[in-house]
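target.txt follows; it contains compact mmCIF, C-alpha atoms.
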# COMPACT_ATOMS: atom_id res chain seq x y z
CA MET A 1 0.00 0.00 0.00
CA ALA A 2 2.86 2.38 0.85
CA PHE A 3 4.42 1.71 -2.58
CA ILE A 4 1.19 2.69 -4.34
CA ILE A 5 0.89 5.96 -2.39
CA LEU A 6 4.59 6.70 -2.94
CA GLY A 7 4.17 5.98 -6.67
CA ILE A 8 1.20 8.36 -6.94
CA VAL A 9 3.06 11.14 -5.09
CA LEU A 10 6.14 10.62 -7.27
CA PHE A 11 3.99 10.73 -10.42
CA ILE A 12 2.35 14.01 -9.31
CA CYS A 13 5.78 15.52 -8.56
CA VAL A 14 7.14 14.56 -12.00
CA ILE A 15 4.09 16.03 -13.75
CA THR A 16 4.37 19.27 -11.71
CA VAL A 17 8.08 19.67 -12.55
CA ALA A 18 7.35 19.04 -16.24
CA LEU A 19 4.58 21.67 -16.29
CA VAL A 20 6.75 24.27 -14.55
CA PHE A 21 9.59 23.59 -17.02
CA MET A 22 7.25 23.93 -20.02
CA LYS A 23 5.82 27.20 -18.67
CA LYS A 24 9.34 28.66 -18.28
CA LEU A 25 10.30 27.42 -21.73
CA PHE A 26 7.36 29.21 -23.39
CA LYS A 27 7.44 32.29 -21.14
CA ASN A 28 8.53 34.70 -23.91
CA ASP A 29 6.33 33.00 -26.48
CA ILE A 30 3.66 35.73 -26.46
CA MET A 31 4.74 39.37 -26.53
CA LEU A 32 4.14 42.86 -27.91
CA GLU A 33 6.83 45.54 -28.18
CA VAL A 34 6.12 49.17 -29.20
CA THR A 35 8.66 51.86 -30.16
CA ALA A 36 8.32 55.36 -31.66
CA THR A 37 10.57 57.00 -34.24
CA CYS A 38 10.47 60.64 -35.35
CA GLU A 39 10.33 60.77 -39.15
CA GLY A 40 10.79 64.53 -39.52
CA LYS A 41 8.11 66.90 -40.83
CA ASN A 42 5.68 66.75 -43.73
CA GLU A 43 4.95 69.46 -46.33
CA ASP A 44 2.53 71.12 -43.87
CA ASN A 45 5.38 71.38 -41.32
CA GLN A 46 3.70 68.83 -39.03
CA ALA A 47 5.87 66.44 -37.04
CA ILE A 48 5.58 62.80 -38.13
CA MET A 49 5.95 59.87 -35.72
CA LYS A 50 6.00 56.23 -36.73
CA ILE A 51 4.82 53.88 -34.00
CA TYR A 52 6.41 50.49 -34.73
CA PHE A 53 5.07 47.34 -33.11
CA ARG A 54 6.42 43.80 -33.10
CA TYR A 55 4.37 40.93 -31.75
CA SER A 56 4.40 37.21 -31.29
CA ILE A 57 1.39 35.06 -30.52
CA GLY A 58 3.40 31.86 -30.19
CA ARG A 59 1.38 28.67 -29.99
CA LEU A 60 -1.85 30.57 -30.70
CA ALA A 61 -0.67 30.82 -34.33
CA ARG A 62 -1.46 27.13 -34.79
CA ARG A 63 -5.11 27.62 -33.82
CA LYS A 64 -7.93 29.16 -35.78
CA ARG A 65 -7.68 32.83 -34.85
CA GLU A 66 -8.81 36.38 -35.53
CA MET A 67 -6.75 39.48 -34.77
CA ILE A 68 -7.66 43.12 -34.29
CA GLY A 69 -5.27 45.94 -33.52
CA SER A 70 -5.94 49.24 -31.82
CA ILE A 71 -3.78 52.36 -31.48
CA GLU A 72 -4.29 55.13 -28.97
CA TRP A 73 -2.38 58.41 -28.87
CA SER A 74 -1.99 61.67 -26.97
CA GLU A 75 -4.19 64.66 -27.64
CA GLY A 76 -3.02 66.79 -30.57
CA TRP A 77 -1.86 63.84 -32.69
CA MET A 78 -3.85 62.36 -35.58
CA PRO A 79 -3.40 59.01 -37.33
CA VAL A 80 -2.65 59.00 -41.03
CA SER A 81 -2.08 55.38 -42.01
CA TYR A 82 -0.88 51.98 -40.91
CA ASN A 83 1.08 49.20 -42.56
CA LEU A 84 1.54 45.55 -41.67
CA LYS A 85 4.34 43.29 -42.78
CA GLU A 86 2.61 40.58 -44.83
CA HIS A 87 4.45 37.57 -46.26
CA GLY A 88 7.65 39.10 -44.88
CA VAL A 89 7.45 42.54 -46.56
CA TYR A 90 5.67 45.85 -46.05
CA ASP A 91 3.21 46.23 -48.90
CA GLU A 92 0.97 49.29 -49.01
CA GLU A 93 -0.03 51.76 -46.34
CA ARG A 94 -3.73 51.77 -45.48
CA LEU A 95 -5.62 54.84 -44.27
CA LEU A 96 -6.49 54.98 -40.59
CA TYR A 97 -9.57 57.00 -39.72
CA ALA A 98 -10.41 58.94 -36.56
CA THR A 99 -12.48 61.99 -35.76
CA ASN A 100 -11.03 65.05 -34.03
CA GLU A 101 -12.47 63.94 -30.68
CA GLN A 102 -11.08 60.42 -30.80
CA THR A 103 -7.72 59.41 -29.41
CA TYR A 104 -7.87 55.82 -30.63
CA SER A 105 -8.58 53.82 -33.79
CA THR A 106 -8.77 50.13 -34.67
CA PHE A 107 -7.49 48.16 -37.64
CA GLU A 108 -7.84 44.60 -38.87
CA ILE A 109 -4.96 42.18 -39.07
CA ASN A 110 -5.17 39.32 -41.56
CA ALA A 111 -3.47 36.71 -39.39
CA THR A 112 -2.91 34.35 -42.32
CA ASN A 113 -0.76 36.91 -44.16
CA ALA A 114 0.65 38.92 -41.24
CA LEU A 115 2.17 36.04 -39.21
CA ASP A 116 5.32 34.11 -40.05
CA GLU A 117 5.68 30.40 -39.29
CA GLN A 118 6.70 31.14 -35.66
CA GLY A 119 3.60 33.29 -35.07
CA ARG A 120 5.45 36.64 -35.23
CA GLY A 121 4.56 39.82 -37.09
CA GLU A 122 5.17 43.53 -37.18
CA GLY A 123 3.74 46.80 -38.43
CA TYR A 124 3.62 50.53 -37.85
CA VAL A 125 1.17 53.40 -37.52
CA VAL A 126 1.93 56.91 -38.78
CA LEU A 127 0.82 59.85 -36.59
CA VAL A 128 1.12 63.57 -37.35
CA LEU A 129 1.09 66.42 -34.84
CA GLU A 130 -1.96 68.48 -35.85
CA LYS A 131 -2.35 70.61 -32.73
CA PRO A 132 0.80 71.08 -30.68
CA ASN A 133 0.00 70.87 -26.98
CA THR A 134 1.71 72.37 -23.98
CA SER A 135 2.61 68.97 -22.56
CA HIS A 136 6.27 68.00 -22.66
CA MET A 137 5.44 64.34 -23.25
CA SER A 138 3.33 62.42 -25.75
CA ARG A 139 2.50 58.76 -25.81
CA ALA A 140 1.07 56.07 -28.04
CA GLY A 141 -0.11 52.60 -27.15
CA VAL A 142 -0.94 49.53 -29.19
CA ILE A 143 -3.40 46.84 -28.15
CA LEU A 144 -3.72 43.54 -30.00
CA ALA A 145 -6.71 41.30 -29.40
CA VAL A 146 -6.21 37.70 -30.52
CA THR A 147 -9.24 35.42 -30.45
CA ALA A 148 -8.37 31.74 -30.66
CA ASN A 149 -10.84 28.94 -29.98
CA MET A 150 -13.41 31.45 -28.67
CA VAL A 151 -10.98 32.84 -26.05
CA THR A 152 -9.66 36.39 -26.47
CA TYR A 153 -6.11 37.23 -25.41
CA GLN A 154 -5.13 40.89 -25.16
CA LEU A 155 -1.58 42.18 -25.55
CA SER A 156 -0.71 45.81 -24.89
CA ASP A 157 2.35 48.02 -24.76
CA SER A 158 3.01 51.74 -25.07
CA THR A 159 5.81 54.18 -25.65
CA SER A 160 6.32 57.88 -24.96
CA TRP A 161 8.58 60.66 -26.19
CA HIS A 162 9.57 64.22 -25.34
CA ASN A 163 7.88 66.81 -27.54
CA ASP A 164 10.97 69.04 -27.25
CA MET A 165 12.81 66.86 -29.78
CA LEU A 166 10.12 67.60 -32.40
CA ALA A 167 10.87 71.33 -32.46
CA ASN A 168 14.00 70.86 -34.58
Encoded form (structure tokens):
Amino acid sequence: MAFIILGIVLFICVITVALVFMKKLFKNDIMLEVTATCEGKNEDNQAIMKIYFRYSIGRLARRKREMIGSIEWSEGWMPVSYNLKEHGVYDEERLLYATNEQTYSTFEINATNALDEQGRGEGYVVLVLEKPNTSHMSRAGVILAVTANMVTYQLSDSTSWHNDMLAN
């Protein structure tokens, strides 16, 4: 009887160690990273920022999935367009719409084209400074919603920059 109980406890310990090891192995499997780059000024003398985002959905890429992206930004900025790397290359920029009162917009991501074989992808959103504000800092955040097998996973990250650097 003691051998049976000892065997069951040993089995549970082995399974627990295996699960902990697998969780650590796939810890960085799902991620979103956002960075901002100043692209100078346009013909209307408005500052241009590109908000780059890189993401990985890891094992979720193997499941049937839908993806939606969302960008939010500081007051005074307006979105112009977005572009997603599809089949490994940036193709064409798509317009991104928002009204003057909005500080966010959403865009669709075709997961079949936008993900590589490891479940990674990237893209960018172009913002222009329409109404300079008195704040010294601006920010932009990206949210990705991945629905796989009727469960929605949400990834989010943001970045900020000093508006002083845009004066030059």
Rank A:Gly69, A:Asn83, A:Val89, A:Glu130 by their smallest atom-to-atom distance to Thr106 in chain A, using all atoms listed in the file, and report the top residue only. A:Gly69
Kindly list the centre and edge lengths in Å, rounded to one decimal, for the axis-aligned box that covers all listed atoms of range 76-94 of chain A plus 4 Å on each of its six sides, as JSON.
{"center_x": 1.9, "center_y": 52.2, "center_z": -39.8, "size_x": 19.5, "size_y": 37.2, "size_z": 26.4}
Among the residues A:Thr35, A:Asn163, A:Asn110, A:Ser138, the one that comes closest to Glu66 in chain A [using all atoms listed in the file]: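 Closest residue, counting all atoms listed in the file: A:Asn110.
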In Å, with one decimal, what is the gap from CA of Phe107 in chain A to CA of Tyr52 in chain A?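 According to the coordinates, CA of Phe107 in chain A and CA of Tyr52 in chain A are separated by 14.4 Å.
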Out of A:Tyr153, A:Tyr90, A:Phe11, A:Trp77, which residue has the shortest atom-to-atom distance to Gly123 in chain A when counting only C-alpha atoms?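 Among the listed residues, the smallest separation from Gly123 in chain A belongs to A:Tyr90.
Interatomic distance, CA of Arg62 in chain A against CA of Thr112 in chain A: 10.5 Å.
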CA of Ala140 in chain A to CA of Thr103 in chain A, straight-line distance in Å: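 So the two atoms, CA of Thr103 in chain A and CA of Ala140 in chain A, lie 9.5 Å apart.
Shortest atom-to-atom contact with Tyr97 in chain A among A:Gly58, A:Pro79, A:Gly121, A:Pro132: A:Pro79, counting all atoms listed in the file.
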From A:Leu60, A:Met78, A:Ile71, A:Val128, residue lying nearest Ala111 in chain A [only C-alpha atoms]: A:Leu60
Please return, as a PyMOL selection string, all polymer residues that have at least one atom within 10 Å of the point (7.5, 43.3, -33.4); use all atoms listed in the file and the file's own coordinate frame. chain A and resi 31-35+52-56+85+120-124
Give me range 120-165 of chain A from this structure - N, CA and C atoms, as a compact mmCIF listing (two decimals), in the first residue's frame.
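Below you can see out17.txt, which holds the result:
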# COMPACT_ATOMS: atom_id res chain seq x y z
N ARG A 120 4.99 35.26 -35.46
CA ARG A 120 5.45 36.64 -35.23
C ARG A 120 5.02 37.54 -36.38
N GLY A 121 4.89 38.83 -36.06
CA GLY A 121 4.56 39.82 -37.09
C GLY A 121 4.97 41.20 -36.63
N GLU A 122 4.84 42.16 -37.53
CA GLU A 122 5.17 43.53 -37.18
C GLU A 122 4.43 44.51 -38.09
N GLY A 123 4.40 45.75 -37.66
CA GLY A 123 3.74 46.80 -38.43
C GLY A 123 4.06 48.15 -37.83
N TYR A 124 3.46 49.19 -38.39
CA TYR A 124 3.62 50.53 -37.85
C TYR A 124 2.39 51.37 -38.14
N VAL A 125 2.23 52.41 -37.35
CA VAL A 125 1.17 53.40 -37.52
C VAL A 125 1.84 54.76 -37.64
N VAL A 126 1.37 55.57 -38.58
CA VAL A 126 1.93 56.91 -38.78
C VAL A 126 0.99 57.93 -38.13
N LEU A 127 1.56 58.77 -37.24
CA LEU A 127 0.82 59.85 -36.59
C LEU A 127 1.45 61.18 -36.99
N VAL A 128 0.61 62.22 -37.12
CA VAL A 128 1.12 63.57 -37.35
C VAL A 128 0.62 64.47 -36.23
N LEU A 129 1.44 65.47 -35.89
CA LEU A 129 1.09 66.42 -34.84
C LEU A 129 0.26 67.54 -35.46
N GLU A 130 -1.06 67.47 -35.27
CA GLU A 130 -1.96 68.48 -35.85
C GLU A 130 -2.07 69.71 -34.97
N LYS A 131 -2.19 69.49 -33.67
CA LYS A 131 -2.35 70.61 -32.73
C LYS A 131 -1.31 70.45 -31.64
N PRO A 132 -0.21 71.18 -31.74
CA PRO A 132 0.80 71.08 -30.68
C PRO A 132 0.19 71.42 -29.32
N ASN A 133 0.53 70.62 -28.33
CA ASN A 133 0.00 70.87 -26.98
C ASN A 133 1.11 71.34 -26.07
N THR A 134 0.73 71.81 -24.92
CA THR A 134 1.71 72.37 -23.98
C THR A 134 2.43 71.29 -23.18
N SER A 135 1.99 70.07 -23.29
CA SER A 135 2.61 68.97 -22.56
C SER A 135 4.02 68.71 -23.11
N HIS A 136 4.91 68.31 -22.24
CA HIS A 136 6.27 68.00 -22.66
C HIS A 136 6.40 66.56 -23.15
N MET A 137 5.39 65.75 -22.88
CA MET A 137 5.44 64.34 -23.25
C MET A 137 4.22 63.96 -24.08
N SER A 138 4.42 63.05 -25.01
CA SER A 138 3.33 62.42 -25.75
C SER A 138 3.51 60.92 -25.64
N ARG A 139 2.43 60.21 -25.89
CA ARG A 139 2.50 58.76 -25.81
C ARG A 139 1.62 58.12 -26.85
N ALA A 140 1.91 56.87 -27.16
CA ALA A 140 1.07 56.07 -28.04
C ALA A 140 1.11 54.65 -27.51
N GLY A 141 -0.01 53.99 -27.61
CA GLY A 141 -0.11 52.60 -27.15
C GLY A 141 -0.77 51.74 -28.20
N VAL A 142 -0.36 50.49 -28.26
CA VAL A 142 -0.94 49.53 -29.19
C VAL A 142 -1.54 48.39 -28.38
N ILE A 143 -2.73 47.98 -28.77
CA ILE A 143 -3.40 46.84 -28.15
C ILE A 143 -3.73 45.85 -29.26
N LEU A 144 -3.35 44.61 -29.07
CA LEU A 144 -3.72 43.54 -30.00
C LEU A 144 -4.67 42.59 -29.29
N ALA A 145 -5.77 42.28 -29.92
CA ALA A 145 -6.71 41.30 -29.40
C ALA A 145 -6.67 40.08 -30.32
N VAL A 146 -6.30 38.94 -29.76
CA VAL A 146 -6.21 37.70 -30.52
C VAL A 146 -7.27 36.76 -29.99
N THR A 147 -8.20 36.37 -30.85
CA THR A 147 -9.24 35.42 -30.45
C THR A 147 -8.90 34.08 -31.07
N ALA A 148 -8.68 33.10 -30.21
CA ALA A 148 -8.37 31.74 -30.66
C ALA A 148 -9.25 30.77 -29.89
N ASN A 149 -9.95 29.93 -30.61
CA ASN A 149 -10.84 28.94 -29.98
C ASN A 149 -11.81 29.60 -29.01
N MET A 150 -12.40 30.72 -29.42
CA MET A 150 -13.41 31.45 -28.67
C MET A 150 -12.90 32.05 -27.36
N VAL A 151 -11.58 32.17 -27.20
CA VAL A 151 -10.98 32.84 -26.05
C VAL A 151 -10.18 34.01 -26.59
N THR A 152 -10.37 35.21 -26.00
CA THR A 152 -9.66 36.39 -26.47
C THR A 152 -8.50 36.71 -25.54
N TYR A 153 -7.32 36.84 -26.13
CA TYR A 153 -6.11 37.23 -25.41
C TYR A 153 -5.80 38.65 -25.82
N GLN A 154 -5.41 39.49 -24.87
CA GLN A 154 -5.13 40.89 -25.16
C GLN A 154 -3.69 41.20 -24.79
N LEU A 155 -2.95 41.74 -25.76
CA LEU A 155 -1.58 42.18 -25.55
C LEU A 155 -1.56 43.69 -25.65
N SER A 156 -0.80 44.35 -24.80
CA SER A 156 -0.71 45.81 -24.89
C SER A 156 0.67 46.28 -24.48
N ASP A 157 1.08 47.38 -25.09
CA ASP A 157 2.35 48.02 -24.76
C ASP A 157 2.24 49.46 -25.23
N SER A 158 3.05 50.33 -24.67
CA SER A 158 3.01 51.74 -25.07
C SER A 158 4.42 52.31 -25.04
N THR A 159 4.54 53.47 -25.63
CA THR A 159 5.81 54.18 -25.65
C THR A 159 5.51 55.67 -25.50
N SER A 160 6.50 56.43 -25.09
CA SER A 160 6.32 57.88 -24.96
C SER A 160 7.58 58.59 -25.44
N TRP A 161 7.45 59.88 -25.71
CA TRP A 161 8.58 60.66 -26.19
C TRP A 161 8.43 62.10 -25.73
N HIS A 162 9.56 62.81 -25.70
CA HIS A 162 9.57 64.22 -25.34
C HIS A 162 9.22 65.05 -26.56
N ASN A 163 8.29 65.96 -26.42
CA ASN A 163 7.88 66.81 -27.54
C ASN A 163 8.96 67.83 -27.89
N ASP A 164 9.90 68.08 -26.99
CA ASP A 164 10.97 69.04 -27.25
C ASP A 164 11.80 68.63 -28.47
N MET A 165 11.98 67.32 -28.67
CA MET A 165 12.81 66.86 -29.78
C MET A 165 12.14 67.12 -31.13
